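Have a look at protein03.csv below; it lists CSV, C-alpha atoms.
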chain,number,residue,atom,x,y,z
X,183,MET,CA,0.0,0.0,0.0
X,184,THR,CA,1.4,3.4,-1.0
X,185,ASP,CA,1.5,6.5,1.2
X,186,SER,CA,-1.0,8.1,-1.1
X,187,ALA,CA,-3.4,5.1,-0.8
X,188,GLN,CA,-3.1,5.3,3.0
X,189,GLU,CA,-4.0,8.9,3.0
X,190,SER,CA,-6.7,8.8,0.4
X,191,SER,CA,-8.6,5.8,1.8
X,192,PRO,CA,-9.6,7.5,5.0
X,193,GLN,CA,-10.6,10.6,3.1
X,194,SER,CA,-12.6,8.5,0.8
X,195,LEU,CA,-14.2,6.8,3.7
X,196,ASP,CA,-14.9,10.1,5.4
X,197,ALA,CA,-16.6,11.3,2.2
X,198,GLN,CA,-18.8,8.2,2.1
X,199,LEU,CA,-19.7,8.5,5.8
X,200,ALA,CA,-20.5,12.2,5.2
X,201,ARG,CA,-23.0,11.2,2.5
X,202,LEU,CA,-25.0,9.0,4.8
X,203,PRO,CA,-28.3,10.5,5.8
X,204,LEU,CA,-28.6,11.3,9.5
X,205,ASP,CA,-32.4,11.0,9.5
X,206,ILE,CA,-34.2,7.8,8.8
X,207,ALA,CA,-38.0,7.8,9.2
X,208,PRO,CA,-39.2,5.2,11.6
X,209,PRO,CA,-42.1,3.0,10.5
X,210,GLU,CA,-45.5,4.4,11.1
X,211,ARG,CA,-46.3,1.7,13.6
X,212,VAL,CA,-43.9,3.1,16.2
X,213,TRP,CA,-45.9,6.2,17.3
X,214,PRO,CA,-49.1,4.3,18.1
X,215,HIS,CA,-47.2,2.0,20.4
X,216,ILE,CA,-45.7,5.0,22.2
X,217,ALA,CA,-49.0,6.8,22.4
X,218,ALA,CA,-50.7,3.7,23.8
X,219,ARG,CA,-48.1,3.6,26.6
X,220,LEU,CA,-48.4,7.3,27.4
X,221,ALA,CA,-52.1,7.7,27.4
X,222,PRO,CA,-53.6,7.7,30.8
X,223,SER,CA,-55.6,4.5,31.5
X,224,PRO,CA,-57.5,2.9,34.4
X,225,ARG,CA,-54.7,0.4,34.8
X,226,ARG,CA,-52.3,3.3,35.6
X,227,THR,CA,-54.7,4.7,38.2
X,228,ARG,CA,-55.2,1.4,40.0
X,229,PRO,CA,-51.7,1.0,41.5
X,230,LEU,CA,-51.8,4.6,42.6
X,231,MET,CA,-55.1,4.0,44.3
X,232,LEU,CA,-53.7,0.9,46.0
X,233,ALA,CA,-50.6,2.7,47.1
X,234,ALA,CA,-52.7,5.5,48.5
X,235,ALA,CA,-54.9,3.1,50.3
X,236,ALA,CA,-51.9,1.4,51.7
X,237,ALA,CA,-50.6,4.7,52.8
X,238,VAL,CA,-53.8,5.5,54.6
X,239,VAL,CA,-53.8,2.1,56.3
X,240,GLY,CA,-50.3,2.9,57.5
X,241,ALA,CA,-51.4,6.3,58.8
X,242,CYS,CA,-54.3,4.8,60.6
X,243,VAL,CA,-52.2,2.2,62.2
X,244,ALA,CA,-49.7,4.8,63.3
X,245,SER,CA,-52.4,7.0,64.7
X,246,ALA,CA,-54.0,4.0,66.6
X,247,LEU,CA,-50.6,3.0,68.0
X,248,THR,CA,-50.1,6.5,69.3
X,249,TRP,CA,-53.5,6.3,70.9
X,250,SER,CA,-52.6,3.0,72.5
X,251,VAL,CA,-49.2,4.3,73.7
X,252,LEU,CA,-50.8,7.4,75.3
X,253,ARG,CA,-53.7,5.7,76.9
X,254,GLY,CA,-52.0,2.5,77.9
X,255,ARG,CA,-54.8,0.4,76.6
X,256,PRO,CA,-55.8,-1.3,73.3
X,257,ALA,CA,-56.2,0.9,70.3
X,258,PRO,CA,-59.7,2.0,69.4
X,259,ASP,CA,-61.2,0.6,66.1
X,260,ALA,CA,-60.6,3.8,64.2
X,261,PRO,CA,-59.2,7.2,65.1
X,262,GLN,CA,-62.2,9.2,64.0
X,263,SER,CA,-62.6,11.8,66.7
X,264,ALA,CA,-60.7,14.6,65.0
X,265,ARG,CA,-62.9,14.3,62.0
X,266,HIS,CA,-65.7,15.7,64.0
X,267,SER,CA,-63.8,18.5,65.6
X,268,PRO,CA,-65.8,21.6,65.1
X,269,GLY,CA,-64.3,23.9,62.5
X,270,LEU,CA,-61.6,21.4,61.5
X,271,ASP,CA,-63.4,19.5,58.8
X,272,GLU,CA,-62.0,21.2,55.7
X,273,PRO,CA,-58.3,21.0,55.1
X,274,ARG,CA,-58.4,23.8,52.5
X,275,ASP,CA,-60.1,26.3,54.7
X,276,PRO,CA,-57.7,29.0,56.0
X,277,HIS,CA,-59.3,28.7,59.5
X,278,TYR,CA,-58.4,25.1,59.4
X,279,PHE,CA,-54.7,25.8,58.8
X,280,ALA,CA,-54.7,28.4,61.7
X,281,ALA,CA,-56.3,26.0,64.1
X,282,ARG,CA,-54.1,23.2,63.0
X,283,ALA,CA,-51.0,25.4,63.4
X,284,ALA,CA,-52.1,26.2,67.0
X,285,LEU,CA,-52.7,22.6,67.8
X,286,GLU,CA,-49.3,21.6,66.4
X,287,SER,CA,-47.7,24.2,68.6
X,288,ASP,CA,-49.4,22.8,71.6
X,289,PHE,CA,-48.5,19.4,70.6
X,290,ARG,CA,-44.8,20.3,70.4
X,291,GLN,CA,-44.9,21.8,73.8
X,292,ARG,CA,-46.7,18.8,75.3
X,293,LEU,CA,-44.5,16.3,73.6
X,294,ALA,CA,-41.6,17.6,75.6
X,295,LEU,CA,-43.4,16.5,78.8
X,296,LEU,CA,-43.4,12.8,77.7
X,297,ASP,CA,-40.7,10.3,78.4
X,298,PRO,CA,-38.1,9.8,75.6
X,299,ALA,CA,-39.4,6.4,74.6
X,300,THR,CA,-42.9,7.6,74.1
X,301,ARG,CA,-41.7,10.6,72.3
X,302,VAL,CA,-39.9,8.4,69.8
X,303,LYS,CA,-43.0,6.3,69.2
X,304,ILE,CA,-45.1,9.4,68.6
X,305,GLU,CA,-42.6,11.1,66.3
X,306,SER,CA,-42.4,7.8,64.4
X,307,SER,CA,-46.2,7.7,64.0
X,308,LEU,CA,-46.2,11.3,62.9
X,309,ALA,CA,-43.6,10.5,60.2
X,310,VAL,CA,-45.7,7.6,58.9
X,311,ILE,CA,-48.8,9.8,58.7
X,312,ARG,CA,-47.0,12.6,56.9
X,313,GLN,CA,-45.4,10.1,54.5
X,314,ALA,CA,-48.9,8.7,53.8
X,315,HIS,CA,-50.1,12.2,53.2
X,316,GLU,CA,-47.3,12.9,50.8
X,317,ASP,CA,-47.9,9.6,48.9
X,318,ILE,CA,-51.5,10.4,48.4
X,319,ARG,CA,-50.8,14.0,47.4
X,320,LYS,CA,-48.6,12.5,44.6
X,321,ALA,CA,-51.3,10.1,43.6
X,322,LEU,CA,-53.8,13.0,43.4
X,323,ALA,CA,-51.4,14.9,41.2
X,324,SER,CA,-51.7,12.1,38.7
X,325,ASP,CA,-55.4,11.6,39.1
X,326,PRO,CA,-56.8,14.9,40.5
X,327,ALA,CA,-60.4,14.0,39.7
X,328,SER,CA,-60.4,11.0,41.9
X,329,PRO,CA,-62.9,11.4,44.8
X,330,VAL,CA,-61.5,8.4,46.6
X,331,LEU,CA,-58.0,9.9,46.6
X,332,GLU,CA,-59.4,13.2,47.7
X,333,GLU,CA,-61.1,11.4,50.6
X,334,LEU,CA,-58.0,9.5,51.5
X,335,TRP,CA,-55.9,12.7,51.4
X,336,GLN,CA,-58.3,14.4,53.8
X,337,SER,CA,-58.3,11.5,56.1
X,338,THR,CA,-54.5,11.7,56.6
X,339,TRP,CA,-54.9,15.4,57.6
X,340,HIS,CA,-57.4,14.3,60.2
X,341,ASP,CA,-55.1,11.5,61.4
X,342,GLU,CA,-52.4,14.0,62.0
X,343,LEU,CA,-54.8,16.2,63.9
X,344,HIS,CA,-56.0,13.3,65.9
X,345,LEU,CA,-52.5,12.5,66.9
X,346,TYR,CA,-51.9,16.1,68.1
X,347,GLU,CA,-55.1,16.1,70.1
X,348,SER,CA,-54.3,12.7,71.7
X,349,VAL,CA,-50.9,14.0,72.9
X,350,VAL,CA,-52.5,17.3,74.2
X,351,GLN,CA,-55.2,15.4,76.0
X,352,ALA,CA,-52.9,12.8,77.5
X,353,THR,CA,-50.6,15.4,78.9
X,354,GLN,CA,-53.3,17.7,80.2
X,355,SER,CA,-53.2,16.1,83.7
X,356,THR,CA,-49.4,16.4,83.8
X,357,LEU,CA,-49.6,20.0,82.9
X,358,THR,CA,-52.3,20.6,85.6
X,359,ARG,CA,-50.2,19.0,88.3
X,360,THR,CA,-47.2,21.1,87.5
S,788,MET,CA,-21.0,14.3,34.1
S,789,ILE,CA,-19.3,15.7,31.0
S,790,ASP,CA,-21.4,18.2,29.1
S,791,VAL,CA,-21.5,16.7,25.7
S,792,GLY,CA,-22.7,19.9,24.1
S,793,ILE,CA,-24.2,19.7,20.6
S,794,PRO,CA,-22.5,17.2,18.3
S,795,VAL,CA,-22.3,18.4,14.7
S,796,GLY,CA,-24.6,15.7,13.4
S,797,MET,CA,-27.1,16.5,16.1
S,798,ARG,CA,-27.5,20.1,15.3
S,799,SER,CA,-30.8,21.0,13.8
S,800,ALA,CA,-32.7,24.2,13.0
S,801,GLY,CA,-34.6,26.1,15.7
S,802,GLU,CA,-36.3,24.0,18.4
S,803,PRO,CA,-40.0,24.5,19.1
S,804,THR,CA,-39.8,25.7,22.6
S,805,ASP,CA,-43.5,26.3,22.9
S,806,VAL,CA,-44.3,22.8,21.8
S,807,ILE,CA,-41.6,21.4,24.2
S,808,ALA,CA,-43.2,23.4,27.0
S,809,ALA,CA,-46.7,22.2,26.2
S,810,ALA,CA,-45.5,18.6,26.0
S,811,ALA,CA,-43.7,19.0,29.4
S,812,ALA,CA,-47.0,20.2,30.8
S,813,GLY,CA,-48.6,16.9,29.7
S,814,ASP,CA,-49.9,17.7,26.3
S,815,LEU,CA,-49.7,14.5,24.3
S,816,ARG,CA,-50.5,16.1,21.0
S,817,ALA,CA,-47.6,18.5,21.5
S,818,PHE,CA,-45.4,15.5,22.3
S,819,GLU,CA,-46.5,13.8,19.1
S,820,GLN,CA,-45.4,16.9,17.2
S,821,LEU,CA,-42.0,16.5,18.9
S,822,TYR,CA,-42.0,12.9,17.9
S,823,ARG,CA,-42.7,13.7,14.3
S,824,GLN,CA,-39.9,16.3,14.2
S,825,PHE,CA,-37.2,14.4,16.1
S,826,SER,CA,-37.9,10.7,15.6
S,827,PRO,CA,-36.1,10.4,12.2
S,828,ARG,CA,-32.8,11.4,13.8
S,829,VAL,CA,-33.4,9.2,16.8
S,830,PHE,CA,-34.4,6.2,14.7
S,831,GLY,CA,-31.3,6.7,12.4
S,832,LEU,CA,-29.1,6.8,15.5
S,833,CYS,CA,-30.7,3.7,17.0
S,834,LEU,CA,-30.7,1.8,13.7
S,835,ARG,CA,-27.0,2.4,13.2
S,836,LEU,CA,-26.1,1.8,16.8
S,837,THR,CA,-28.0,-1.5,17.0
S,838,GLY,CA,-27.6,-2.6,13.4
S,839,GLN,CA,-31.0,-4.2,13.6
S,840,ARG,CA,-34.3,-2.6,12.5
S,841,GLU,CA,-36.5,-4.3,15.1
S,842,ALA,CA,-34.1,-3.3,17.9
S,843,ALA,CA,-34.0,0.2,16.5
S,844,GLU,CA,-37.8,0.4,16.6
S,845,ASP,CA,-37.9,-0.8,20.2
S,846,CYS,CA,-35.2,1.6,21.2
S,847,THR,CA,-36.9,4.5,19.5
S,848,GLN,CA,-40.1,3.7,21.3
S,849,GLU,CA,-38.3,3.3,24.7
S,850,SER,CA,-36.4,6.6,24.1
S,851,PHE,CA,-39.6,8.6,23.5
S,852,VAL,CA,-41.4,7.0,26.4
S,853,SER,CA,-38.5,7.8,28.7
S,854,ALA,CA,-38.4,11.3,27.3
S,855,TRP,CA,-42.1,11.8,28.0
S,856,ARG,CA,-41.6,10.7,31.6
S,857,ALA,CA,-38.5,12.9,32.1
S,858,LEU,CA,-39.7,15.9,30.2
S,859,ARG,CA,-41.1,17.7,33.2
S,860,GLY,CA,-37.6,17.9,34.5
S,861,PHE,CA,-36.1,19.1,31.3
S,862,GLU,CA,-34.9,22.6,32.0
S,863,GLN,CA,-33.8,23.6,28.4
S,864,ARG,CA,-30.3,24.3,29.6
S,865,SER,CA,-29.2,22.0,26.7
S,866,ARG,CA,-31.1,21.6,23.4
S,867,PHE,CA,-34.0,19.3,23.4
S,868,SER,CA,-32.5,17.3,20.5
S,869,THR,CA,-29.2,16.8,22.4
S,870,TRP,CA,-31.0,15.7,25.5
S,871,LEU,CA,-33.2,13.3,23.5
S,872,HIS,CA,-30.2,11.8,21.7
S,873,ARG,CA,-28.5,11.1,24.9
S,874,ILE,CA,-31.6,9.3,26.1
S,875,ALA,CA,-31.5,7.3,22.8
S,876,VAL,CA,-27.8,6.3,23.3
S,877,ARG,CA,-28.5,5.3,26.9
S,878,THR,CA,-31.5,3.3,25.8
S,879,VAL,CA,-29.5,1.4,23.1
S,880,LEU,CA,-26.8,0.6,25.6
S,881,ALA,CA,-29.3,-0.6,28.3
S,882,ARG,CA,-31.0,-2.8,25.7
S,883,ARG,CA,-27.6,-4.2,24.6
S,884,ARG,CA,-26.8,-5.2,28.2
S,885,GLY,CA,-30.2,-6.9,28.5
S,886,LEU,CA,-30.2,-8.7,25.2
S,887,ARG,CA,-26.5,-9.3,24.6
S,888,VAL,CA,-27.0,-12.9,23.4
S,889,GLU,CA,-29.6,-11.9,20.9
S,890,TYR,CA,-27.3,-9.3,19.5
S,891,GLU,CA,-24.5,-11.7,19.1
S,892,VAL,CA,-26.4,-14.3,17.3
S,893,GLY,CA,-28.5,-12.0,15.1
S,894,GLU,CA,-27.6,-11.1,11.6
S,895,PRO,CA,-26.0,-7.7,11.9
S,896,ALA,CA,-27.4,-6.1,8.7
S,897,ALA,CA,-30.9,-7.4,9.1
S,898,GLY,CA,-33.4,-4.9,7.9
S,899,LEU,CA,-31.0,-2.5,6.4
S,900,PRO,CA,-32.1,-2.9,2.7
S,901,GLU,CA,-35.2,-1.0,3.7
S,902,VAL,CA,-33.1,1.8,5.0
S,903,ALA,CA,-30.7,2.4,2.1
S,904,ASP,CA,-31.9,2.7,-1.4
S,905,PRO,CA,-28.8,3.4,-3.6
S,906,SER,CA,-30.9,3.8,-6.7
S,907,ALA,CA,-32.8,6.7,-5.0
S,908,ASP,CA,-30.1,9.0,-3.9
S,909,GLY,CA,-26.8,7.2,-4.4
S,910,MET,CA,-26.5,6.2,-0.8
S,911,PRO,CA,-23.8,3.6,-0.4
S,912,LEU,CA,-25.7,0.5,0.7
S,913,ASP,CA,-22.5,-1.4,1.0
S,914,LEU,CA,-21.3,1.1,3.5
S,915,GLU,CA,-24.4,0.7,5.6
S,916,ARG,CA,-24.1,-3.1,5.6
S,917,ALA,CA,-20.4,-2.9,6.4
S,918,ILE,CA,-21.1,-0.5,9.4
S,919,ALA,CA,-23.8,-2.9,10.7
S,920,ALA,CA,-21.4,-5.8,10.5
S,921,LEU,CA,-18.7,-4.0,12.6
S,922,PRO,CA,-18.0,-5.3,16.0
S,923,GLU,CA,-20.3,-3.6,18.5
S,924,GLY,CA,-17.7,-1.4,20.3
S,925,ALA,CA,-16.2,-0.2,17.0
S,926,ARG,CA,-19.7,0.3,15.5
S,927,HIS,CA,-20.9,2.5,18.4
S,928,VAL,CA,-17.9,4.8,18.2
S,929,LEU,CA,-18.0,5.0,14.4
S,930,VAL,CA,-21.7,5.9,14.5
S,931,LEU,CA,-21.4,8.5,17.2
S,932,VAL,CA,-18.1,10.1,16.1
S,933,GLY,CA,-17.8,9.2,12.4
S,934,ILE,CA,-21.5,9.8,11.4
S,935,TYR,CA,-23.3,11.9,14.0
S,936,GLY,CA,-20.4,14.2,14.8
S,937,PHE,CA,-19.8,13.5,18.5
S,938,SER,CA,-16.3,14.4,19.7
S,939,HIS,CA,-14.3,11.6,21.3
S,940,ALA,CA,-15.0,13.1,24.7
S,941,GLU,CA,-18.7,13.2,24.0
S,942,ALA,CA,-18.8,9.7,22.7
S,943,ALA,CA,-16.7,8.4,25.5
S,944,ALA,CA,-19.1,10.0,28.0
S,945,ALA,CA,-22.1,8.7,26.3
S,946,LEU,CA,-20.7,5.2,26.0
S,947,GLY,CA,-19.2,5.1,29.4
S,948,THR,CA,-15.7,4.4,28.2
S,949,ALA,CA,-12.3,6.1,28.1
S,950,GLU,CA,-11.5,8.6,25.5
S,951,GLY,CA,-8.4,6.6,24.5
S,952,THR,CA,-10.6,3.5,24.0
S,953,CYS,CA,-12.9,5.5,21.9
S,954,LYS,CA,-10.1,6.6,19.6
S,955,ALA,CA,-8.7,3.1,19.3
S,956,GLN,CA,-12.2,1.8,18.5
S,957,LEU,CA,-12.6,4.4,15.8
S,958,HIS,CA,-9.3,3.5,14.3
S,959,ARG,CA,-10.3,-0.1,14.3
S,960,ALA,CA,-13.6,0.6,12.7
S,961,ARG,CA,-12.2,2.7,10.0
S,962,GLY,CA,-9.7,0.0,9.2
S,963,LEU,CA,-12.3,-2.7,9.1
S,964,LEU,CA,-14.6,-0.6,6.9
S,965,ALA,CA,-11.9,0.4,4.5
S,966,ALA,CA,-11.0,-3.3,4.2
S,967,ALA,CA,-14.6,-4.3,3.7
S,968,LEU,CA,-15.2,-1.7,1.0
S,969,GLY,CA,-12.0,-2.5,-0.8
S,970,LEU,CA,-10.5,0.9,0.0
S,971,VAL,CA,-7.4,-0.8,1.5
S,972,GLU,CA,-6.1,-4.3,0.9
S,973,PRO,CA,-6.9,-6.4,3.9
Would you mind writing the structure in this file as structure tokens?
Amino acid sequence: MTDSAQESSPQSLDAQLARLPLDIAPPERVWPHIAARLAPSPRRTRPLMLAAAAAVVGACVASALTWSVLRGRPAPDAPQSARHSPGLDEPRDPHYFAARAALESDFRQRLALLDPATRVKIESSLAVIRQAHEDIRKALASDPASPVLEELWQSTWHDELHLYESVVQATQSTLTRT
Amino acid sequence: MIDVGIPVGMRSAGEPTDVIAAAAAGDLRAFEQLYRQFSPRVFGLCLRLTGQREAAEDCTQESFVSAWRALRGFEQRSRFSTWLHRIAVRTVLARRRGLRVEYEVGEPAAGLPEVADPSADGMPLDLERAIAALPEGARHVLVLVGIYGFSHAEAAAALGTAEGTCKAQLHRARGLLAAALGLVEP
């Protein structure tokens, strides 16, 4: 092979490579497959609903455990009391947020009165409830029209409130004695 | 990660920022517009990287599904086309890892006659076949650097290999191609 052949071959190859079209149309059948995978479907909603439901179960268990820890007796069937608190039934109401903030403030103060082991359990329960709330919020973002998700989302708000109330009530006597 | 910039072969005319924004907001029709505009380059890239038409279709599909899912996080700091092509390369590499045996036993140039029509525009069909028949590593580098204009650094980053390896693979690919096309005596 001569020097000129060595030099000209790569150039020739480059020229051929440069002539190749960069764009090649895919078959028409590709887009329908993509569109079918992207379009929202009931199948997609179902796992989200199940995840949300699982999150609520976790939140309820956490709330019930907290109840049990604070009262020193078996957990009640369901932590529903906060759902009937006057003025606290609508999470999107500004008054709701104000009342909730006040209750959380009380909760933080009262929590400090409890022994460390109980505090850990309560903080753990609160974390579970908040995680459930966040999981459901994400599910709602994907399926905002779902009344079931909306209901589940509100229930986690109430579970959190219930936990606050439980701590406040359980420490009331301690606070009175001091 | 290395910023791979905009490889020469990946540059295209103005990008439809409004359509990209609409698709990012969940508008499937806008996303279809993006598909219509950008899929030929993605499919060409996937076809040459895989050397198999069916695999290229799958990779194109996967690339756009991945792009749709990630589009909300696309901040337009790089061009959409560049971002999309990176997804395509990653998709091909991921598929290669999952289907290695299939790739090794498959006929490398399967499907390419549908791609190249030398009577239509003088495209060198032999060259396409020779590229598809290259060993995988050499083919990937040749496609990215030799055809689609990636720099060695860009290709190395995309392929997850060293720049030196990239250069060596390109040299090997060029030698094999030249031999296959009769440009140099083997």
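With distances restricted to only C-alpha atoms, X:Ala197 is the closest residue to chain S from X:Leu308, X:Val349, X:Ala197, X:Leu343.
In this comparison, which uses only C-alpha atoms, the residue of S:Val876, S:Ile807, S:Ile918, S:Cys953 approaching chain X most closely is S:Ile918.
Counting only C-alpha atoms, Ala960 (chain S) has the following residues at most 10 Å away, ignoring those fewer than 3 positions along the same chain: Ala917, Ile918, Leu921, Pro922, Glu923, Gly924, Ala925, Arg926, His927, Val928, Leu929, Val930, Gly933, Lys954, Ala955, Gln956, Leu957, Leu963, Leu964, Ala965 and Ala966 of chain S.
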Could you write out the selected residues, including C-alpha atoms, as a PDB file, in the frame of the given file?
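Contents of the output file again37.pdb:
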ATOM      1  CA  ALA S 917     -20.400  -2.900   6.400  1.00  0.00           C
ATOM      2  CA  ILE S 918     -21.100  -0.500   9.400  1.00  0.00           C
ATOM      3  CA  LEU S 921     -18.700  -4.000  12.600  1.00  0.00           C
ATOM      4  CA  PRO S 922     -18.000  -5.300  16.000  1.00  0.00           C
ATOM      5  CA  GLU S 923     -20.300  -3.600  18.500  1.00  0.00           C
ATOM      6  CA  GLY S 924     -17.700  -1.400  20.300  1.00  0.00           C
ATOM      7  CA  ALA S 925     -16.200  -0.200  17.000  1.00  0.00           C
ATOM      8  CA  ARG S 926     -19.700   0.300  15.500  1.00  0.00           C
ATOM      9  CA  HIS S 927     -20.900   2.500  18.400  1.00  0.00           C
ATOM     10  CA  VAL S 928     -17.900   4.800  18.200  1.00  0.00           C
ATOM     11  CA  LEU S 929     -18.000   5.000  14.400  1.00  0.00           C
ATOM     12  CA  VAL S 930     -21.700   5.900  14.500  1.00  0.00           C
ATOM     13  CA  GLY S 933     -17.800   9.200  12.400  1.00  0.00           C
ATOM     14  CA  LYS S 954     -10.100   6.600  19.600  1.00  0.00           C
ATOM     15  CA  ALA S 955      -8.700   3.100  19.300  1.00  0.00           C
ATOM     16  CA  GLN S 956     -12.200   1.800  18.500  1.00  0.00           C
ATOM     17  CA  LEU S 957     -12.600   4.400  15.800  1.00  0.00           C
ATOM     18  CA  LEU S 963     -12.300  -2.700   9.100  1.00  0.00           C
ATOM     19  CA  LEU S 964     -14.600  -0.600   6.900  1.00  0.00           C
ATOM     20  CA  ALA S 965     -11.900   0.400   4.500  1.00  0.00           C
ATOM     21  CA  ALA S 966     -11.000  -3.300   4.200  1.00  0.00           C
TER      22      ALA S 966
END
For chain S versus chain X, which residues have an atom no more than 6 Å away, and what is each residue's nearest atom pair and distance in Å rounded to one decimal, using only C-alpha atoms, chain-then-number order, as a Markdown table?
| residue | atom | partner | partner_atom | distance |
| --- | --- | --- | --- | --- |
| S:Pro827 | CA | X:Ala207 | CA | 4.4 |
| S:Arg828 | CA | X:Asp205 | CA | 4.3 |
| S:Phe830 | CA | X:Pro208 | CA | 5.8 |
| S:Gly831 | CA | X:Ile206 | CA | 4.8 |
| S:Gln848 | CA | X:Ile216 | CA | 5.8 |
| S:Leu970 | CA | X:Ser191 | CA | 5.6 |
Within 12 Å of file point (-54.3, 23.9, 69.5), counting only C-alpha atoms, expressed as a PyMOL selection string: chain X and resi 267+270+278-292+343-351
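Atom pair CA of Arg816 (chain S) / CA of Arg859 (chain S): separated by 15.5 Å.
Rounded to one decimal, CA of Val879 (chain S) and CA of Leu832 (chain S) lie 9.3 Å from each other.
Taking only C-alpha atoms, the non-local environment of Phe825 (chain S) within 10 Å (same-chain residues fewer than 2 positions away omitted) comprises Asp205 and Ala207 of chain X; Ser799, Glu802, Glu819, Gln820, Leu821, Tyr822, Arg823, Pro827, Arg828, Val829, Phe830, Phe851, Phe867, Ser868, Leu871 and His872 of chain S.
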- [ ] Mind checking which residues fall within 6 Å of Glu950 (chain S), counting all atoms listed in the file, ignoring those fewer than 3 positions away in the same chain, and posting them as a PyMOL selection string?
- [x] chain S and resi 939-940+943+953
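The gap separating CA of Ala309 (chain X) from CA of Ser355 (chain X) is 26.0 Å, in Å to one decimal.
Each of S:Thr804, S:Ser853, S:Ser826, S:Gln839 was compared to Arg866 (chain S) using all atoms listed in the file, and S:Thr804 turns out to be the nearest.
For Trp339 (chain X), the set of protein, DNA and RNA residues having any atom at most 9 Å away, when counting all atoms listed in the file and skipping those fewer than 5 positions along the same chain, is Pro273, Ile311, Arg312, His315 and His344 of chain X.
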Spatial neighbours of Leu295 (chain X), 9 Å, only C-alpha atoms, chain gap at least 4 places, as a tab-separated table (two decimals) with C-alpha atoms, keeping the file's coordinate frame:
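Written out: part32.tsv:
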chain	number	residue	atom	x	y	z
X	291	GLN	CA	-44.90	21.80	73.80
X	301	ARG	CA	-41.70	10.60	72.30
X	353	THR	CA	-50.60	15.40	78.90
X	356	THR	CA	-49.40	16.40	83.80
X	357	LEU	CA	-49.60	20.00	82.90
